[in-house]
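First the structure, in the form of structure tokens, and then the observations on it.
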Amino acid sequence: MNDEDVIRINDLRTYFFVEEDVVKAVDGVSLRVRKGECLGVVGESGCGKSMTALSILRLVPEPPGKIVSGQIYFRGKDLMPLSERAMRKIRGKDISMIFQEPSASMNPAFSIGNQIQEVIGFHQGGGRNTVREKALDILRAVQIPDPRRILSQYPHELSGGMIQRVMIAMAITCVPDLLICDEPTTALDISTQAQIIALLNELREERGTSMLFITHDLGILSWICTSAAVMYAGNVIEYSDIRSILRSPLHPYTQALIESTPRLDTPSDRLKVIPGQVPNLAHSPPGCKFHPRCHLAKESCREAPPPMTEKEEGHWVACFFS
Amino acid sequence: MHSKDQHRQLLEVVDLKKYFYVKKGFRKQEILRAVDGIHFRLDQQEAMGIVGESGCGKTTLGKTILRLYQPTSGDIFFNGINLSKLSDEEMRRIRGQMQLIFQDPFSSLNPRMKVGKMLDQILHSHGFTDPVKRKMRSHEIMEKVGLTPADLKKFPHEFSGGQRQRIAIARALILNPKFIVADEPSSSLDMSIQAQILNLMKSLQEEFDISYLFITHNLSAARFICNRIAVMYLGKIVELANCTTLLKNPGHPYTIALLALCPTPDPDRRIEKVPLTGDVPSPVHLPTGCRFHPRCLYTENLCKKEEPSLIETEPGHFIACHFHRAS
């Protein structure tokens, strides 16, 4: 155990029990986020990136979902044995999360002020005026113009970018040690997206907030993250600092992912394509889960899953032939 | 218009406007200017990108050109025929030559209809009376988009997102159209599937000589598919040029900002300062003068008073800015 780690996930398995099938959404994920770091978790839909995040906060819908095994150490303390009551004290205070669809994660029936003040009141307490002052301060911190007016407005009166700022404000009021961002800019426009990313970058640099940033966009990943974990079908298959992941990826899936993205700076006649599609997580292929789509696959890939090995310093990859 | 252009030109849009009337309160009405005076031409086998943020009117433009919306004013010439003057019946006959691919393949396919029946019905309603010919055509088109004839017997829910988008493409292609409006065809798909669909669209264009109007917010995808790109802002084209010119020598401050903000997987290129502040204003309450002036870094007095028109600054490069920065 390293003191620097804000969160350390060890062999996490979150399964969904649907009728006769067991959908292995997260199947042995190990990750760590160091202090002040922004770890990007990148992968296609269904690779288990959101479920990993929800497992940390113990928000996996149960049933049908269940965290089957694994440990989640937050500042050195295992969260798994904690009761629901104890978890609630941690959520929103020590670990908070912002979601993809900002307007869907606010309650439409309560004003913005009401919802922010509830968070502050629950975790920090204080009189009505103190709570209100704190709410105004935090709205100013996320660069919301005219925060007094915003407090009395309802979610439908704000634009997507504004609501996402409010969500970020709510998430950081208690100065969390870890901020989990689940595709926070996917529903936003290009200009709003850039503003939100710039805001998150500022938060990390000024307040030293550690982040776990989930995305499917490699461009966004390169803007905000300092290191990245690539996920495929419930596993982390590559982990390194952001530069090595983007410049010298080792896993054939990561390589293909980078080459299949159309780029603005280089013209291309055809994009690289990964044949086939993401496997069904209830019946994933044996051995390395990527082998049916991999051009390097040999007999041994079918037999056993490759372990994560440190190929270069700090650069881990789960592939026999990379 | 030159005669040389005329035989290659497929589509010409002249001062096209589409306004919506939004109710406000009990009696009051407000005008939403979704598309507000668009001019452009599209040649045969050309792909033009319409790029812009949400609410800029790009989808409305696509639908108005296909007459799925009745234009408020302006003309659409398709192969020399003015679509805005046609009756619905005449429009139905011409629609086989112009098709639409939607963004979300989950809501654009009828869940209760097998793929085969869907394609068959399209052919039937466009005058293919021979069932054997219809079947052969369906088989052929399924193979062209990378599916198998056996898939014709399946329902849409049996397919993945990428396969559904292939079906949507098959449906658009089956009548051999000359012109396709593709409205964000790849943006709801996963990364690896997105590349498959973009490649497919590109090779089909080369094979069947189709012209695309490719509507997207993703500049990188537009660059991959298109020859020319038009940047839209609040119902107007603010810049139009071929891809290389637009990327190398953008002239409108909005284009420059969009290019700077387009996410590129490059660890050395991080945004330090966002060159665009605020949100897109509502198309109901448009700013005076240049529509972009409240968000522009270079606003001067003239911008607040007078709306700039789209001017050709060099051959083929159109910019609507009083103080454009193209060299």
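Naming scheme: A, B, ... for chains in displayed order of the structure tokens; residues 1 onward per chain; ligands 1 onward as shown.
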
Contacts from chain B to chain A, 6 Å maximum, only C-alpha atoms: show me the residue list as a compact mmCIF listing (two decimals) with N, CA and C atoms, in the first residue's frame.
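This went into selection32.txt:
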```txt
# COMPACT_ATOMS: atom_id res chain seq x y z
N GLU B 53 -22.68 23.64 -33.89
CA GLU B 53 -23.10 23.16 -32.58
C GLU B 53 -24.61 22.91 -32.60
N ASP B 190 -20.14 3.40 -31.18
CA ASP B 190 -18.87 3.25 -30.49
C ASP B 190 -17.72 3.56 -31.42
N SER B 192 -14.94 1.98 -32.41
CA SER B 192 -14.48 1.05 -33.45
C SER B 192 -15.55 0.87 -34.52
N ALA B 195 -15.71 3.93 -37.05
CA ALA B 195 -14.76 3.83 -38.15
C ALA B 195 -15.30 2.93 -39.26
N GLN B 196 -15.96 1.83 -38.88
CA GLN B 196 -16.54 0.93 -39.89
C GLN B 196 -17.58 1.66 -40.73
N SER B 220 -13.57 16.23 -37.27
CA SER B 220 -12.66 15.19 -37.77
C SER B 220 -13.39 14.22 -38.70
N ALA B 221 -14.62 13.86 -38.32
CA ALA B 221 -15.40 12.97 -39.18
C ALA B 221 -15.73 13.66 -40.50
N PRO B 263 -11.30 18.02 -30.18
CA PRO B 263 -10.41 17.16 -29.40
C PRO B 263 -9.54 16.28 -30.30
N THR B 264 -8.25 16.39 -30.13
CA THR B 264 -7.31 15.56 -30.89
C THR B 264 -6.49 14.74 -29.91
N PRO B 265 -6.36 13.44 -30.15
CA PRO B 265 -5.59 12.63 -29.21
C PRO B 265 -4.10 12.92 -29.30
N ASP B 266 -3.70 14.05 -28.78
CA ASP B 266 -2.31 14.45 -28.83
C ASP B 266 -1.94 15.02 -27.46
N PRO B 267 -1.09 14.34 -26.73
CA PRO B 267 -0.78 14.81 -25.36
C PRO B 267 -0.10 16.16 -25.32
N ARG B 270 -2.87 20.63 -25.45
CA ARG B 270 -3.92 20.81 -24.46
C ARG B 270 -4.48 22.21 -24.58
```

If you run DSSP over the backbone, which residues in region 83-322 of chain A end up strand (DSSP E)? Put them as a PyMOL selection string.
chain A and resi 95-98+178-182+210-215+227-232+235-241+309-312+315-317

For the alpha helix (DSSP H) assignment from backbone DSSP, which residues of region 130-190 of chain A qualify? Please present them as a ChimeraX atom specification.
/A:130-141,147-151,160-172,190

Serialized selection, N, CA and C atoms, as a PDB file, in the first residue's frame:
```pdb
ATOM      1  N   THR A 130     -25.330  30.676   6.521  1.00  0.00           N
ATOM      2  CA  THR A 130     -23.988  30.155   6.219  1.00  0.00           C
ATOM      3  C   THR A 130     -24.064  29.218   5.025  1.00  0.00           C
ATOM      4  N   VAL A 131     -25.061  28.337   5.040  1.00  0.00           N
ATOM      5  CA  VAL A 131     -25.203  27.375   3.949  1.00  0.00           C
ATOM      6  C   VAL A 131     -25.404  28.110   2.637  1.00  0.00           C
ATOM      7  N   ARG A 132     -26.223  29.169   2.676  1.00  0.00           N
ATOM      8  CA  ARG A 132     -26.487  29.927   1.465  1.00  0.00           C
ATOM      9  C   ARG A 132     -25.225  30.618   0.963  1.00  0.00           C
ATOM     10  N   GLU A 133     -24.464  31.190   1.898  1.00  0.00           N
ATOM     11  CA  GLU A 133     -23.217  31.839   1.508  1.00  0.00           C
ATOM     12  C   GLU A 133     -22.259  30.843   0.871  1.00  0.00           C
ATOM     13  N   LYS A 134     -22.197  29.653   1.472  1.00  0.00           N
ATOM     14  CA  LYS A 134     -21.316  28.618   0.922  1.00  0.00           C
ATOM     15  C   LYS A 134     -21.752  28.226  -0.488  1.00  0.00           C
ATOM     16  N   ALA A 135     -23.058  28.121  -0.672  1.00  0.00           N
ATOM     17  CA  ALA A 135     -23.580  27.755  -1.992  1.00  0.00           C
ATOM     18  C   ALA A 135     -23.196  28.805  -3.026  1.00  0.00           C
ATOM     19  N   LEU A 136     -23.310  30.084  -2.630  1.00  0.00           N
ATOM     20  CA  LEU A 136     -22.960  31.154  -3.565  1.00  0.00           C
ATOM     21  C   LEU A 136     -21.469  31.120  -3.895  1.00  0.00           C
ATOM     22  N   ASP A 137     -20.665  30.869  -2.858  1.00  0.00           N
ATOM     23  CA  ASP A 137     -19.219  30.799  -3.078  1.00  0.00           C
ATOM     24  C   ASP A 137     -18.864  29.718  -4.091  1.00  0.00           C
ATOM     25  N   ILE A 138     -19.486  28.563  -3.922  1.00  0.00           N
ATOM     26  CA  ILE A 138     -19.106  27.443  -4.775  1.00  0.00           C
ATOM     27  C   ILE A 138     -19.597  27.676  -6.205  1.00  0.00           C
ATOM     28  N   LEU A 139     -20.747  28.341  -6.353  1.00  0.00           N
ATOM     29  CA  LEU A 139     -21.223  28.651  -7.707  1.00  0.00           C
ATOM     30  C   LEU A 139     -20.282  29.646  -8.384  1.00  0.00           C
ATOM     31  N   ARG A 140     -19.740  30.572  -7.576  1.00  0.00           N
ATOM     32  CA  ARG A 140     -18.769  31.504  -8.144  1.00  0.00           C
ATOM     33  C   ARG A 140     -17.512  30.768  -8.568  1.00  0.00           C
ATOM     34  N   ALA A 141     -17.126  29.787  -7.770  1.00  0.00           N
ATOM     35  CA  ALA A 141     -15.897  29.037  -8.071  1.00  0.00           C
ATOM     36  C   ALA A 141     -15.995  28.293  -9.400  1.00  0.00           C
ATOM     37  N   PRO A 147     -24.774  34.219  -9.603  1.00  0.00           N
ATOM     38  CA  PRO A 147     -25.168  33.024  -8.835  1.00  0.00           C
ATOM     39  C   PRO A 147     -26.428  33.221  -7.996  1.00  0.00           C
ATOM     40  N   ARG A 148     -26.682  34.448  -7.544  1.00  0.00           N
ATOM     41  CA  ARG A 148     -27.878  34.681  -6.730  1.00  0.00           C
ATOM     42  C   ARG A 148     -29.158  34.308  -7.488  1.00  0.00           C
ATOM     43  N   ARG A 149     -29.175  34.661  -8.767  1.00  0.00           N
ATOM     44  CA  ARG A 149     -30.358  34.383  -9.575  1.00  0.00           C
ATOM     45  C   ARG A 149     -30.472  32.873  -9.825  1.00  0.00           C
ATOM     46  N   ILE A 150     -29.318  32.239 -10.077  1.00  0.00           N
ATOM     47  CA  ILE A 150     -29.313  30.802 -10.363  1.00  0.00           C
ATOM     48  C   ILE A 150     -29.915  30.015  -9.194  1.00  0.00           C
ATOM     49  N   LEU A 151     -29.628  30.469  -7.960  1.00  0.00           N
ATOM     50  CA  LEU A 151     -30.104  29.730  -6.791  1.00  0.00           C
ATOM     51  C   LEU A 151     -31.614  29.542  -6.810  1.00  0.00           C
ATOM     52  N   GLY A 160     -27.543  23.167 -20.823  1.00  0.00           N
ATOM     53  CA  GLY A 160     -26.808  21.960 -20.440  1.00  0.00           C
ATOM     54  C   GLY A 160     -25.467  22.276 -19.792  1.00  0.00           C
ATOM     55  N   GLY A 161     -24.759  23.236 -20.357  1.00  0.00           N
ATOM     56  CA  GLY A 161     -23.449  23.594 -19.818  1.00  0.00           C
ATOM     57  C   GLY A 161     -23.557  24.164 -18.416  1.00  0.00           C
ATOM     58  N   MET A 162     -24.611  24.985 -18.181  1.00  0.00           N
ATOM     59  CA  MET A 162     -24.812  25.589 -16.866  1.00  0.00           C
ATOM     60  C   MET A 162     -25.139  24.521 -15.833  1.00  0.00           C
ATOM     61  N   ILE A 163     -26.024  23.578 -16.213  1.00  0.00           N
ATOM     62  CA  ILE A 163     -26.387  22.523 -15.260  1.00  0.00           C
ATOM     63  C   ILE A 163     -25.158  21.693 -14.910  1.00  0.00           C
ATOM     64  N   GLN A 164     -24.317  21.433 -15.931  1.00  0.00           N
ATOM     65  CA  GLN A 164     -23.127  20.644 -15.635  1.00  0.00           C
ATOM     66  C   GLN A 164     -22.220  21.407 -14.668  1.00  0.00           C
ATOM     67  N   ARG A 165     -22.164  22.738 -14.797  1.00  0.00           N
ATOM     68  CA  ARG A 165     -21.393  23.526 -13.834  1.00  0.00           C
ATOM     69  C   ARG A 165     -21.984  23.398 -12.436  1.00  0.00           C
ATOM     70  N   VAL A 166     -23.327  23.441 -12.371  1.00  0.00           N
ATOM     71  CA  VAL A 166     -23.976  23.298 -11.068  1.00  0.00           C
ATOM     72  C   VAL A 166     -23.649  21.921 -10.474  1.00  0.00           C
ATOM     73  N   MET A 167     -23.682  20.890 -11.329  1.00  0.00           N
ATOM     74  CA  MET A 167     -23.352  19.536 -10.865  1.00  0.00           C
ATOM     75  C   MET A 167     -21.932  19.495 -10.314  1.00  0.00           C
ATOM     76  N   ILE A 168     -21.009  20.149 -11.039  1.00  0.00           N
ATOM     77  CA  ILE A 168     -19.622  20.169 -10.577  1.00  0.00           C
ATOM     78  C   ILE A 168     -19.539  20.918  -9.250  1.00  0.00           C
ATOM     79  N   ALA A 169     -20.290  22.031  -9.160  1.00  0.00           N
ATOM     80  CA  ALA A 169     -20.305  22.803  -7.916  1.00  0.00           C
ATOM     81  C   ALA A 169     -20.760  21.920  -6.758  1.00  0.00           C
ATOM     82  N   MET A 170     -21.852  21.168  -6.973  1.00  0.00           N
ATOM     83  CA  MET A 170     -22.360  20.294  -5.916  1.00  0.00           C
ATOM     84  C   MET A 170     -21.334  19.234  -5.548  1.00  0.00           C
ATOM     85  N   ALA A 171     -20.633  18.742  -6.581  1.00  0.00           N
ATOM     86  CA  ALA A 171     -19.688  17.664  -6.338  1.00  0.00           C
ATOM     87  C   ALA A 171     -18.463  18.139  -5.569  1.00  0.00           C
ATOM     88  N   ILE A 172     -18.098  19.435  -5.707  1.00  0.00           N
ATOM     89  CA  ILE A 172     -16.853  19.862  -5.060  1.00  0.00           C
ATOM     90  C   ILE A 172     -17.075  20.694  -3.802  1.00  0.00           C
ATOM     91  N   ILE A 190     -19.388  21.475 -28.446  1.00  0.00           N
ATOM     92  CA  ILE A 190     -17.925  21.556 -28.474  1.00  0.00           C
ATOM     93  C   ILE A 190     -17.405  22.693 -27.598  1.00  0.00           C
TER      94      ILE A 190
END
```

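Atom to atom, CA of Ile95 (chain A) and CA of Gly40 (chain A) stand 16.3 Å apart.
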
Would you list the contacts of Ile319 (chain B) as a list in words, taking every protein, DNA or RNA residue within 10 Å and counting only C-alpha atoms, but skipping same-chain residues closer than 4 positions in sequence?
Ala230, Val231, Ile237, Val238, Glu239, Leu240, Ala241, Pro250, Gly251, His252, Thr255, Pro308, Ser309, Leu310, Ile311, Glu312, Thr313, Glu314, Phe323, His324, Arg325 and Ala326 of chain B
